[in-house]
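File shown: structure32.json (JSON, C-alpha atoms).
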[["chain", "number", "residue", "atom", "x", "y", "z"],
["S", 1, "MET", "CA", 18.25, 15.50, 25.68],
["S", 2, "VAL", "CA", 18.92, 12.22, 23.91],
["S", 3, "THR", "CA", 22.41, 11.90, 22.40],
["S", 4, "LYS", "CA", 23.31, 11.35, 18.76],
["S", 5, "ASN", "CA", 24.98, 8.06, 19.68],
["S", 6, "ALA", "CA", 21.79, 6.84, 21.34],
["S", 7, "ILE", "CA", 19.76, 7.75, 18.27],
["S", 8, "LYS", "CA", 22.28, 6.01, 16.01],
["S", 9, "TYR", "CA", 22.27, 2.88, 18.16],
["S", 10, "VAL", "CA", 18.47, 2.57, 18.42],
["S", 11, "ARG", "CA", 18.01, 3.19, 14.72],
["S", 12, "SER", "CA", 20.69, 0.65, 13.84],
["S", 13, "LEU", "CA", 18.46, -2.04, 15.34],
["S", 14, "SER", "CA", 16.07, -1.62, 12.43],
["S", 15, "VAL", "CA", 18.63, -3.68, 10.49],
["S", 16, "LYS", "CA", 18.70, -7.44, 11.09],
["S", 17, "LYS", "CA", 22.50, -7.83, 11.09],
["S", 18, "PHE", "CA", 22.77, -5.32, 13.93],
["S", 19, "ARG", "CA", 19.92, -6.97, 15.87],
["S", 20, "ASP", "CA", 21.74, -10.28, 15.50],
["S", 21, "ALA", "CA", 25.07, -8.79, 16.58],
["S", 22, "GLU", "CA", 23.57, -7.05, 19.61],
["S", 23, "GLN", "CA", 21.09, -9.82, 20.42],
["S", 24, "SER", "CA", 18.51, -7.10, 20.98],
["S", 25, "PHE", "CA", 15.48, -5.44, 19.39],
["S", 26, "VAL", "CA", 13.36, -2.30, 19.70],
["S", 27, "ALA", "CA", 9.77, -2.00, 20.90],
["S", 28, "GLU", "CA", 7.72, 1.19, 20.88],
["S", 29, "GLY", "CA", 4.50, 2.56, 22.33],
["S", 30, "PRO", "CA", 2.86, 2.23, 25.78],
["S", 31, "LYS", "CA", 1.13, -1.12, 25.16],
["S", 32, "ALA", "CA", 4.05, -3.04, 23.64],
["S", 33, "VAL", "CA", 6.69, -1.61, 25.99],
["S", 34, "THR", "CA", 4.60, -2.09, 29.15],
["S", 35, "ASP", "CA", 3.80, -5.71, 28.29],
["S", 36, "LEU", "CA", 7.39, -6.57, 27.41],
["S", 37, "LEU", "CA", 8.85, -4.96, 30.55],
["S", 38, "SER", "CA", 7.31, -7.81, 32.55],
["S", 39, "LEU", "CA", 8.47, -10.50, 30.09],
["S", 40, "LEU", "CA", 11.99, -9.72, 28.82],
["S", 41, "PRO", "CA", 15.10, -7.93, 30.13],
["S", 42, "CYS", "CA", 15.15, -4.26, 29.07],
["S", 43, "ARG", "CA", 18.53, -2.67, 28.41],
["S", 44, "GLN", "CA", 17.44, 0.88, 27.62],
["S", 45, "LEU", "CA", 14.14, 2.65, 28.22],
["S", 46, "TYR", "CA", 13.52, 6.10, 26.73],
["S", 47, "ALA", "CA", 10.20, 7.47, 27.90],
["S", 48, "THR", "CA", 8.27, 10.63, 28.65],
["S", 49, "PRO", "CA", 7.53, 11.59, 32.28],
["S", 50, "HIS", "CA", 3.84, 10.87, 31.64],
["S", 51, "PHE", "CA", 4.63, 7.27, 30.68],
["S", 52, "LEU", "CA", 7.07, 6.69, 33.54],
["S", 53, "GLN", "CA", 4.80, 8.02, 36.27],
["S", 54, "ASP", "CA", 2.17, 5.38, 35.51],
["S", 55, "LEU", "CA", 4.57, 2.42, 35.88],
["S", 56, "PRO", "CA", 5.08, 0.70, 39.25],
["S", 57, "ALA", "CA", 8.58, 0.96, 40.68],
["S", 58, "ALA", "CA", 8.85, -2.84, 40.69],
["S", 59, "VAL", "CA", 8.46, -2.88, 36.90],
["S", 60, "LEU", "CA", 11.15, -0.23, 36.38],
["S", 61, "GLN", "CA", 13.64, -1.61, 38.91],
["S", 62, "PRO", "CA", 15.19, -4.30, 36.64],
["S", 63, "VAL", "CA", 15.61, -1.95, 33.65],
["S", 64, "GLY", "CA", 19.25, -1.41, 32.72],
["S", 65, "GLN", "CA", 19.04, 2.33, 32.05],
["S", 66, "ILE", "CA", 16.04, 4.67, 32.19],
["S", 67, "HIS", "CA", 16.12, 7.93, 30.27],
["S", 68, "GLU", "CA", 13.40, 10.52, 30.86],
["S", 69, "VAL", "CA", 12.99, 12.30, 27.53],
["S", 70, "THR", "CA", 10.72, 14.70, 25.70],
["S", 71, "PRO", "CA", 8.20, 13.85, 22.95],
["S", 72, "GLY", "CA", 10.67, 15.45, 20.53],
["S", 73, "ASP", "CA", 13.38, 13.04, 21.68],
["S", 74, "ILE", "CA", 11.00, 10.10, 21.18],
["S", 75, "GLU", "CA", 10.38, 11.32, 17.64],
["S", 76, "ARG", "CA", 14.12, 11.38, 16.92],
["S", 77, "LEU", "CA", 14.58, 7.87, 18.33],
["S", 78, "SER", "CA", 11.49, 6.30, 16.83],
["S", 79, "LEU", "CA", 11.43, 3.90, 13.91],
["S", 80, "LEU", "CA", 7.69, 4.50, 13.42],
["S", 81, "ARG", "CA", 5.76, 7.13, 11.53],
["S", 82, "ALA", "CA", 3.70, 8.00, 14.60],
["S", 83, "PRO", "CA", 5.99, 7.90, 17.67],
["S", 84, "ARG", "CA", 4.34, 7.40, 21.07],
["S", 85, "GLU", "CA", 5.74, 8.07, 24.56],
["S", 86, "ALA", "CA", 8.20, 5.17, 24.90],
["S", 87, "VAL", "CA", 11.03, 3.47, 23.00],
["S", 88, "ALA", "CA", 12.80, 0.49, 24.59],
["S", 89, "VAL", "CA", 15.68, -1.81, 23.69],
["S", 90, "PHE", "CA", 15.07, -5.37, 24.89],
["S", 91, "GLU", "CA", 17.31, -8.42, 24.99],
["S", 92, "ARG", "CA", 16.38, -11.00, 22.41],
["S", 93, "PRO", "CA", 15.12, -14.12, 24.24],
["S", 94, "SER", "CA", 17.39, -17.16, 24.35],
["S", 95, "TRP", "CA", 14.77, -19.46, 22.81],
["S", 96, "SER", "CA", 15.40, -17.83, 19.44],
["S", 97, "ASN", "CA", 18.56, -19.95, 19.06],
["S", 98, "VAL", "CA", 17.24, -23.40, 20.07],
["S", 99, "PRO", "CA", 18.12, -26.04, 17.40],
["S", 100, "GLY", "CA", 15.34, -27.81, 15.49],
["S", 101, "GLU", "CA", 16.16, -31.29, 16.76],
["S", 102, "THR", "CA", 15.53, -30.12, 20.32],
["S", 103, "LEU", "CA", 12.09, -28.82, 19.31],
["S", 104, "ALA", "CA", 10.85, -31.84, 17.35],
["S", 105, "HIS", "CA", 9.05, -33.37, 20.35],
["S", 106, "LEU", "CA", 6.74, -30.39, 20.85],
["S", 107, "PRO", "CA", 4.08, -31.07, 18.15],
["S", 108, "ALA", "CA", 3.41, -34.51, 19.65],
["S", 109, "ALA", "CA", 2.17, -32.83, 22.82],
["S", 110, "GLU", "CA", 0.63, -29.52, 21.71],
["S", 111, "LEU", "CA", -0.65, -27.54, 18.74],
["S", 112, "CYS", "CA", 2.08, -25.49, 17.06],
["S", 113, "LEU", "CA", 2.09, -23.07, 14.14],
["S", 114, "ALA", "CA", 4.53, -22.99, 11.22],
["S", 115, "LEU", "CA", 5.05, -20.14, 8.76],
["S", 116, "ASP", "CA", 6.37, -21.08, 5.32],
["S", 117, "GLY", "CA", 7.70, -17.93, 3.69],
["S", 118, "VAL", "CA", 5.23, -15.44, 5.19],
["S", 119, "GLN", "CA", 6.98, -12.19, 4.33],
["S", 120, "ASP", "CA", 4.70, -9.30, 5.23],
["S", 121, "PRO", "CA", 5.71, -7.89, 8.65],
["S", 122, "GLY", "CA", 2.12, -7.03, 9.54],
["S", 123, "ASN", "CA", 0.97, -10.57, 8.78],
["S", 124, "VAL", "CA", 3.75, -12.17, 10.81],
["S", 125, "GLY", "CA", 3.14, -9.87, 13.77],
["S", 126, "THR", "CA", -0.61, -10.46, 13.66],
["S", 127, "ILE", "CA", -0.12, -14.24, 13.48],
["S", 128, "VAL", "CA", 2.16, -14.13, 16.55],
["S", 129, "ARG", "CA", -0.54, -12.15, 18.34],
["S", 130, "LEU", "CA", -3.17, -14.71, 17.24],
["S", 131, "ALA", "CA", -0.99, -17.56, 18.47],
["S", 132, "ASP", "CA", -0.79, -15.89, 21.85],
["S", 133, "TRP", "CA", -4.57, -15.43, 21.94],
["S", 134, "PHE", "CA", -5.23, -19.08, 21.10],
["S", 135, "GLY", "CA", -2.68, -20.46, 23.56],
["S", 136, "ILE", "CA", -0.10, -21.53, 20.97],
["S", 137, "THR", "CA", 3.33, -20.98, 22.47],
["S", 138, "HIS", "CA", 5.63, -22.33, 19.74],
["S", 139, "LEU", "CA", 5.83, -21.10, 16.16],
["S", 140, "PHE", "CA", 8.27, -22.54, 13.61],
["S", 141, "ALA", "CA", 9.32, -20.30, 10.71],
["S", 142, "SER", "CA", 11.27, -20.82, 7.51],
["S", 143, "PRO", "CA", 14.32, -18.57, 7.06],
["S", 144, "ASP", "CA", 12.51, -16.49, 4.41],
["S", 145, "THR", "CA", 9.72, -15.58, 6.84],
["S", 146, "ALA", "CA", 9.88, -11.97, 8.08],
["S", 147, "ASP", "CA", 12.06, -11.51, 11.17],
["S", 148, "VAL", "CA", 9.87, -11.49, 14.28],
["S", 149, "PHE", "CA", 12.20, -8.93, 15.91],
["S", 150, "ALA", "CA", 11.94, -6.40, 13.07],
["S", 151, "PRO", "CA", 10.30, -3.17, 14.32],
["S", 152, "LYS", "CA", 7.10, -3.48, 12.26],
["S", 153, "VAL", "CA", 6.62, -7.10, 13.31],
["S", 154, "VAL", "CA", 7.25, -6.35, 16.98],
["S", 155, "GLN", "CA", 4.74, -3.52, 16.79],
["S", 156, "ALA", "CA", 2.09, -5.76, 15.24],
["S", 157, "THR", "CA", 2.51, -8.40, 17.96],
["S", 158, "MET", "CA", 1.51, -5.86, 20.64],
["S", 159, "GLY", "CA", 3.72, -7.57, 23.23],
["S", 160, "SER", "CA", 2.96, -11.17, 22.23],
["S", 161, "VAL", "CA", 6.53, -11.56, 20.91],
["S", 162, "GLY", "CA", 7.49, -11.97, 24.58],
["S", 163, "ARG", "CA", 5.16, -14.94, 25.09],
["S", 164, "VAL", "CA", 5.23, -16.85, 21.78],
["S", 165, "GLN", "CA", 8.50, -18.60, 21.01],
["S", 166, "VAL", "CA", 9.37, -18.19, 17.32],
["S", 167, "HIS", "CA", 11.98, -20.62, 16.01],
["S", 168, "TYR", "CA", 13.62, -20.04, 12.61],
["S", 169, "LEU", "CA", 14.78, -23.29, 11.03],
["S", 170, "ASP", "CA", 14.88, -25.48, 7.95],
["S", 171, "LEU", "CA", 11.14, -26.16, 7.88],
["S", 172, "PRO", "CA", 11.14, -29.28, 5.62],
["S", 173, "GLY", "CA", 14.01, -30.74, 7.65],
["S", 174, "PHE", "CA", 12.15, -30.05, 10.88],
["S", 175, "LEU", "CA", 8.93, -31.66, 9.64],
["S", 176, "ARG", "CA", 10.84, -34.78, 8.57],
["S", 177, "ARG", "CA", 12.04, -35.23, 12.16],
["S", 178, "LEU", "CA", 8.50, -35.50, 13.50],
["S", 179, "PRO", "CA", 7.07, -38.92, 14.38],
["S", 180, "ALA", "CA", 4.95, -40.36, 11.57],
["S", 181, "ASP", "CA", 1.75, -40.19, 13.62],
["S", 182, "VAL", "CA", 2.02, -36.43, 14.33],
["S", 183, "PRO", "CA", -0.53, -34.54, 12.20],
["S", 184, "VAL", "CA", 0.90, -31.84, 9.94],
["S", 185, "TYR", "CA", -1.96, -29.63, 8.74],
["S", 186, "GLY", "CA", -1.83, -27.25, 5.80],
["S", 187, "THR", "CA", -4.36, -25.03, 4.05],
["S", 188, "PHE", "CA", -4.92, -25.79, 0.35],
["S", 189, "LEU", "CA", -7.56, -24.99, -2.26],
["S", 190, "ASP", "CA", -7.98, -28.74, -2.87],
["S", 191, "GLY", "CA", -8.09, -29.62, 0.85],
["S", 192, "ARG", "CA", -10.96, -31.02, 2.87],
["S", 193, "ASN", "CA", -13.61, -28.85, 4.48],
["S", 194, "LEU", "CA", -12.11, -27.48, 7.69],
["S", 195, "TYR", "CA", -15.42, -27.67, 9.55],
["S", 196, "ALA", "CA", -15.99, -31.34, 8.75],
["S", 197, "GLN", "CA", -12.64, -32.65, 10.06],
["S", 198, "ASN", "CA", -11.64, -34.27, 13.32],
["S", 199, "LEU", "CA", -8.98, -31.75, 14.34],
["S", 200, "GLN", "CA", -6.44, -32.99, 16.87],
["S", 201, "PRO", "CA", -5.30, -30.89, 19.86],
["S", 202, "HIS", "CA", -1.66, -31.41, 18.85],
["S", 203, "GLY", "CA", 0.43, -31.26, 15.68],
["S", 204, "VAL", "CA", 1.66, -28.53, 13.35],
["S", 205, "LEU", "CA", -0.52, -26.10, 11.42],
["S", 206, "VAL", "CA", 1.38, -24.71, 8.41],
["S", 207, "MET", "CA", 0.45, -21.37, 6.85],
["S", 208, "GLY", "CA", 2.01, -20.41, 3.53],
["S", 209, "ASN", "CA", 3.32, -17.41, 1.64],
["S", 210, "GLU", "CA", 0.92, -14.56, 0.81],
["S", 211, "GLY", "CA", 1.08, -15.16, -2.95],
["S", 212, "ARG", "CA", 2.42, -18.68, -3.49],
["S", 213, "GLY", "CA", 0.91, -20.52, -0.55],
["S", 214, "ILE", "CA", 2.73, -23.49, 0.97],
["S", 215, "SER", "CA", 5.92, -24.41, -0.88],
["S", 216, "PRO", "CA", 6.11, -27.79, -2.69],
["S", 217, "SER", "CA", 8.84, -29.08, -0.34],
["S", 218, "VAL", "CA", 6.63, -28.43, 2.69],
["S", 219, "ALA", "CA", 3.36, -29.41, 0.98],
["S", 220, "GLN", "CA", 4.62, -32.94, 0.40],
["S", 221, "LEU", "CA", 5.22, -33.30, 4.13],
["S", 222, "THR", "CA", 1.70, -32.28, 5.18],
["S", 223, "ASN", "CA", -0.58, -35.24, 5.96],
["S", 224, "ARG", "CA", -3.80, -33.29, 6.65],
["S", 225, "ARG", "CA", -4.93, -30.95, 3.86],
["S", 226, "LEU", "CA", -7.54, -28.41, 4.94],
["S", 227, "TYR", "CA", -9.75, -25.98, 3.03],
["S", 228, "ILE", "CA", -11.66, -22.99, 4.41],
["S", 229, "PRO", "CA", -14.96, -23.00, 2.47],
["S", 230, "ASN", "CA", -16.65, -19.78, 1.49],
["S", 231, "TYR", "CA", -20.34, -19.28, 2.16],
["S", 232, "PRO", "CA", -22.71, -20.11, 0.63],
["S", 233, "PRO", "CA", -21.05, -22.88, -1.43],
["S", 234, "GLY", "CA", -20.69, -22.01, -5.11],
["S", 235, "ARG", "CA", -21.06, -18.26, -4.61],
["S", 236, "ALA", "CA", -18.58, -16.14, -6.56],
["S", 237, "THR", "CA", -16.08, -14.63, -4.14],
["S", 238, "GLY", "CA", -12.48, -13.46, -3.76],
["S", 239, "GLU", "CA", -9.72, -15.80, -4.85],
["S", 240, "SER", "CA", -8.22, -16.27, -1.39],
["S", 241, "LEU", "CA", -8.01, -15.01, 2.18],
["S", 242, "ASN", "CA", -5.25, -12.96, 3.77],
["S", 243, "VAL", "CA", -2.90, -15.38, 5.55],
["S", 244, "ALA", "CA", -3.41, -13.79, 8.96],
["S", 245, "VAL", "CA", -7.21, -13.94, 8.57],
["S", 246, "ALA", "CA", -6.96, -17.56, 7.47],
["S", 247, "THR", "CA", -4.80, -18.34, 10.49],
["S", 248, "ALA", "CA", -7.41, -16.85, 12.81],
["S", 249, "ILE", "CA", -10.19, -18.93, 11.23],
["S", 250, "VAL", "CA", -8.27, -22.20, 11.40],
["S", 251, "CYS", "CA", -6.99, -21.64, 14.96],
["S", 252, "ALA", "CA", -10.54, -20.87, 16.10],
["S", 253, "ALA", "CA", -11.74, -24.13, 14.53],
["S", 254, "PHE", "CA", -9.03, -26.10, 16.34],
["S", 255, "ARG", "CA", -9.91, -24.56, 19.70],
["S", 256, "GLN", "CA", -13.63, -25.07, 19.15],
["S", 257, "GLU", "CA", -12.96, -28.75, 18.46],
["S", 258, "ALA", "CA", -10.93, -28.99, 21.67],
["S", 259, "ILE", "CA", -13.86, -27.88, 23.88],
["S", 260, "ARG", "CA", -16.54, -30.07, 22.33]]

Same coordinates, now as structure tokens:
Amino acid sequence: MVTKNAIKYVRSLSVKKFRDAEQSFVAEGPKAVTDLLSLLPCRQLYATPHFLQDLPAAVLQPVGQIHEVTPGDIERLSLLRAPREAVAVFERPSWSNVPGETLAHLPAAELCLALDGVQDPGNVGTIVRLADWFGITHLFASPDTADVFAPKVVQATMGSVGRVQVHYLDLPGFLRRLPADVPVYGTFLDGRNLYAQNLQPHGVLVMGNEGRGISPSVAQLTNRRLYIPNYPPGRATGESLNVAVATAIVCAAFRQEAIR
């Protein structure tokens, strides 16, 4: 049976100040936990016998502590509405504390994403998962972007939080450090047709807040303004796209350009 202290500790990690203090976060469910076990150090694993029996011994060997528990225990530990088979506490990766000046060389060599005040946990988690799918390994985020290690964000990444490095920093300050010839893309209603542009295989692609879009301080630092046109042109349609959907469309366009 899981102890009250264990429940208190796991549940405390739903709060950012405790995640920061412990340098750890919680992942739940077979898919997320299994993927992360091969990517990040696991301090505590609470899992049902059914889940544990399907994992190779080599995967479980590095885990700090393994607790075989009941579905009822999982429910008491879980931070989700629908608990599933496994709850794990992972160490937060060291790249989460790398300073911005050390990272400024990356966009000159590869395509990176930047999130400017994206606050919905589901959107942030989905964008991290999209970045992983499209081979984007570095994502820069403003401080008011949802915490990538929050339980709902981790769940939405489906394990991609272990492969995509998310760096929280002063986004305008970071963009100012980039060489002048590095493209900084942003999506705007007055931008140029995405499908008619010569998209580079490197640079920064900025995605903005769900309601306000890209902030003025970041907008003035973008040097490539893009627009996702609706179809057919001139047809009455919704005012805008969900930021995660827009990210998927733009990333797909960049990768299509790269293979032409």

Next on the checklist: I'd like the contact shell of Gly208 of chain S - 6 Å cut-off, all atoms listed in the file, skipping same-chain residues fewer than 5 positions apart - returned as number ranges by chain.
Outcome noted: S: 116, 213-214

Restricting the output to C-alpha atoms, write the selected residues as a PDB file, in the coordinates of the input.
ATOM      1  CA  ASP S 116       6.370 -21.080   5.320  1.00  0.00           C
ATOM      2  CA  GLY S 213       0.910 -20.520  -0.550  1.00  0.00           C
ATOM      3  CA  ILE S 214       2.730 -23.490   0.970  1.00  0.00           C
TER       4      ILE S 214
END

Next on the checklist: Which residue is closest to Cys42 of chain S? Choose from S:Thr145, S:Gln23, S:Gln65, S:Gln119 and count only C-alpha atoms.
Outcome noted: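 Ranking S:Thr145, S:Gln23, S:Gln65, S:Gln119 by distance to Cys42 of chain S, first place goes to S:Gln65.
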
Item to check | Given all atoms listed in the file as the counted atoms, nearest of S:Glu75, S:Asp170, S:Asp20, S:Glu68 to Ala114 of chain S | outcome: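 Once distances to Ala114 of chain S are computed over all atoms listed in the file, the minimum belongs to S:Asp170.
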
Checklist entry - Which distance in Å separates atom CA of Ala27 of chain S and atom CA of Thr3 of chain S, to one decimal? => result 18.8 Å

Checklist entry - Which residue gives the smallest distance to Gln256 of chain S among S:Pro232, S:Pro201, S:Gly162, S:Pro216, with only C-alpha atoms counted? => result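 Among S:Pro232, S:Pro201, S:Gly162, S:Pro216, it is S:Pro201 that comes nearest to Gln256 of chain S.
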
Next on the checklist: Nearest residue to Leu13 of chain S out of S:Pro151, S:Gly122, S:Pro93, S:Pro229, using only C-alpha atoms?
Outcome noted: S:Pro151

Item to check | Using all atoms listed in the file: which of S:Glu28, S:Glu257, S:Glu239, S:Glu101 has the shortest distance to Ala150 of chain S | outcome: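 Looking at the shortest contact to Ala150 of chain S, the residue is S:Glu28.
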
Next on the checklist: Quick one: residues within 12 Å of segment 158-161 of chain S, all atoms listed in the file, excluding same-chain residues fewer than 4 positions away - as a PyMOL selection string?
Outcome noted: chain S and resi 25-40+90-93+95-96+122+124-139+147-154+165-167

Next on the checklist: What does the structure give for the distance between atom CA of Thr222 of chain S and atom CA of Asp181 of chain S, in Å to one decimal?
Outcome noted: 11.6 Å

Checklist entry - atom CA of Gly173 of chain S and atom CA of Tyr227 of chain S, how far apart in Å? => result 24.7 Å

Next on the checklist: I'd like to know which of S:Pro143, S:Gly117, S:Pro172, S:Pro83 is closest to Gln220 of chain S, using all atoms listed in the file.
Outcome noted: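 Ranked by minimum distance to Gln220 of chain S, first place goes to S:Pro172.
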
Checklist entry - Which neighbours of segment 79-82 of chain S fall inside 7 Å, counting all atoms listed in the file, when residues of the same chain fewer than 2 positions from it are skipped, and could you give them as JSON, numbers by chain? => result {"S": [11, 77, 84]}

Next on the checklist: Give me the residues near His202 of chain S as a PyMOL selection string, where near means some atom within 9 Å (using all atoms listed in the file) and where sequence neighbours in that chain fewer than 3 positions away do not count.
Outcome noted: chain S and resi 106-112+182-183+199

Item to check | Neighbour list for Val63 of chain S as a ChimeraX atom specification, cut-off 8 Å, all atoms listed in the file, skip fewer than 4 positions in-chain | outcome: /S:41-45,59

Hey, can you spit out that residue selection with C-alpha atoms as a short mmCIF file (atom, residue, chain, number, x, y, z; two decimals), in the coordinates of the input?
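Result file is again_34.cif:
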data_model
loop_
_atom_site.label_atom_id
_atom_site.label_comp_id
_atom_site.auth_asym_id
_atom_site.auth_seq_id
_atom_site.Cartn_x
_atom_site.Cartn_y
_atom_site.Cartn_z
CA PRO S 41 15.10 -7.93 30.13
CA CYS S 42 15.15 -4.26 29.07
CA ARG S 43 18.53 -2.67 28.41
CA GLN S 44 17.44 0.88 27.62
CA LEU S 45 14.14 2.65 28.22
CA VAL S 59 8.46 -2.88 36.90
#

Item to check | Nearby residues, (0.5, -33.3, -2.1) file frame, 12 Å, all atoms listed in the file, as a list in words | outcome: Tyr185, Gly186, Thr187, Phe188, Leu189, Asp190, Gly191, Ile214, Ser215, Pro216, Ser217, Val218, Ala219, Gln220, Leu221, Thr222, Asn223, Arg224, Arg225 and Leu226 of chain S

Incomplete segment 144-170 of chain S brought to N, CA and C atoms, written out as a CSV table (one decimal), in the coordinates of the input:
chain,number,residue,atom,x,y,z
S,144,ASP,N,13.0,-17.6,5.2
S,144,ASP,CA,12.5,-16.5,4.4
S,144,ASP,C,11.2,-15.9,5.0
S,145,THR,N,10.8,-16.3,6.1
S,145,THR,CA,9.7,-15.6,6.8
S,145,THR,C,10.3,-14.3,7.5
S,146,ALA,N,9.5,-13.2,7.5
S,146,ALA,CA,9.9,-12.0,8.1
S,146,ALA,C,10.4,-12.2,9.5
S,147,ASP,N,11.4,-11.4,9.9
S,147,ASP,CA,12.1,-11.5,11.2
S,147,ASP,C,11.1,-11.0,12.3
S,148,VAL,N,10.8,-11.9,13.2
S,148,VAL,CA,9.9,-11.5,14.3
S,148,VAL,C,10.4,-10.3,15.1
S,149,PHE,N,11.7,-10.0,15.1
S,149,PHE,CA,12.2,-8.9,15.9
S,149,PHE,C,12.4,-7.6,15.1
S,150,ALA,N,11.9,-7.6,13.8
S,150,ALA,CA,11.9,-6.4,13.1
S,150,ALA,C,10.9,-5.4,13.7
S,151,PRO,N,11.2,-4.1,13.6
S,151,PRO,CA,10.3,-3.2,14.3
S,151,PRO,C,8.8,-3.3,14.0
S,152,LYS,N,8.5,-3.4,12.7
S,152,LYS,CA,7.1,-3.5,12.3
S,152,LYS,C,6.4,-4.8,12.8
S,153,VAL,N,7.2,-5.9,12.8
S,153,VAL,CA,6.6,-7.1,13.3
S,153,VAL,C,6.4,-7.0,14.8
S,154,VAL,N,7.4,-6.5,15.5
S,154,VAL,CA,7.2,-6.4,17.0
S,154,VAL,C,6.0,-5.5,17.3
S,155,GLN,N,5.9,-4.4,16.5
S,155,GLN,CA,4.7,-3.5,16.8
S,155,GLN,C,3.4,-4.2,16.6
S,156,ALA,N,3.3,-5.0,15.5
S,156,ALA,CA,2.1,-5.8,15.2
S,156,ALA,C,1.8,-6.8,16.3
S,157,THR,N,2.8,-7.4,16.9
S,157,THR,CA,2.5,-8.4,18.0
S,157,THR,C,1.9,-7.8,19.2
S,158,MET,N,2.1,-6.5,19.4
S,158,MET,CA,1.5,-5.9,20.6
S,158,MET,C,1.9,-6.5,21.9
S,159,GLY,N,3.2,-7.0,22.0
S,159,GLY,CA,3.7,-7.6,23.2
S,159,GLY,C,3.7,-9.1,23.2
S,160,SER,N,3.0,-9.7,22.3
S,160,SER,CA,3.0,-11.2,22.2
S,160,SER,C,4.3,-11.8,21.8
S,161,VAL,N,5.2,-11.0,21.2
S,161,VAL,CA,6.5,-11.6,20.9
S,161,VAL,C,7.3,-12.0,22.2
S,162,GLY,N,6.9,-11.5,23.3
S,162,GLY,CA,7.5,-12.0,24.6
S,162,GLY,C,6.9,-13.2,25.1
S,163,ARG,N,5.8,-13.7,24.6
S,163,ARG,CA,5.2,-14.9,25.1
S,163,ARG,C,5.2,-16.1,24.1
S,164,VAL,N,5.2,-15.8,22.8
S,164,VAL,CA,5.2,-16.8,21.8
S,164,VAL,C,6.7,-17.1,21.3
S,165,GLN,N,7.1,-18.3,21.4
S,165,GLN,CA,8.5,-18.6,21.0
S,165,GLN,C,8.5,-18.9,19.5
S,166,VAL,N,9.3,-18.1,18.8
S,166,VAL,CA,9.4,-18.2,17.3
S,166,VAL,C,10.7,-18.8,17.0
S,167,HIS,N,10.7,-19.9,16.3
S,167,HIS,CA,12.0,-20.6,16.0
S,167,HIS,C,12.2,-20.6,14.5
S,168,TYR,N,13.3,-20.0,14.0
S,168,TYR,CA,13.6,-20.0,12.6
S,168,TYR,C,14.5,-21.3,12.3
S,169,LEU,N,14.1,-22.0,11.3
S,169,LEU,CA,14.8,-23.3,11.0
S,169,LEU,C,14.5,-23.8,9.6
S,170,ASP,N,15.2,-24.8,9.2
S,170,ASP,CA,14.9,-25.5,8.0
S,170,ASP,C,13.5,-26.2,8.1
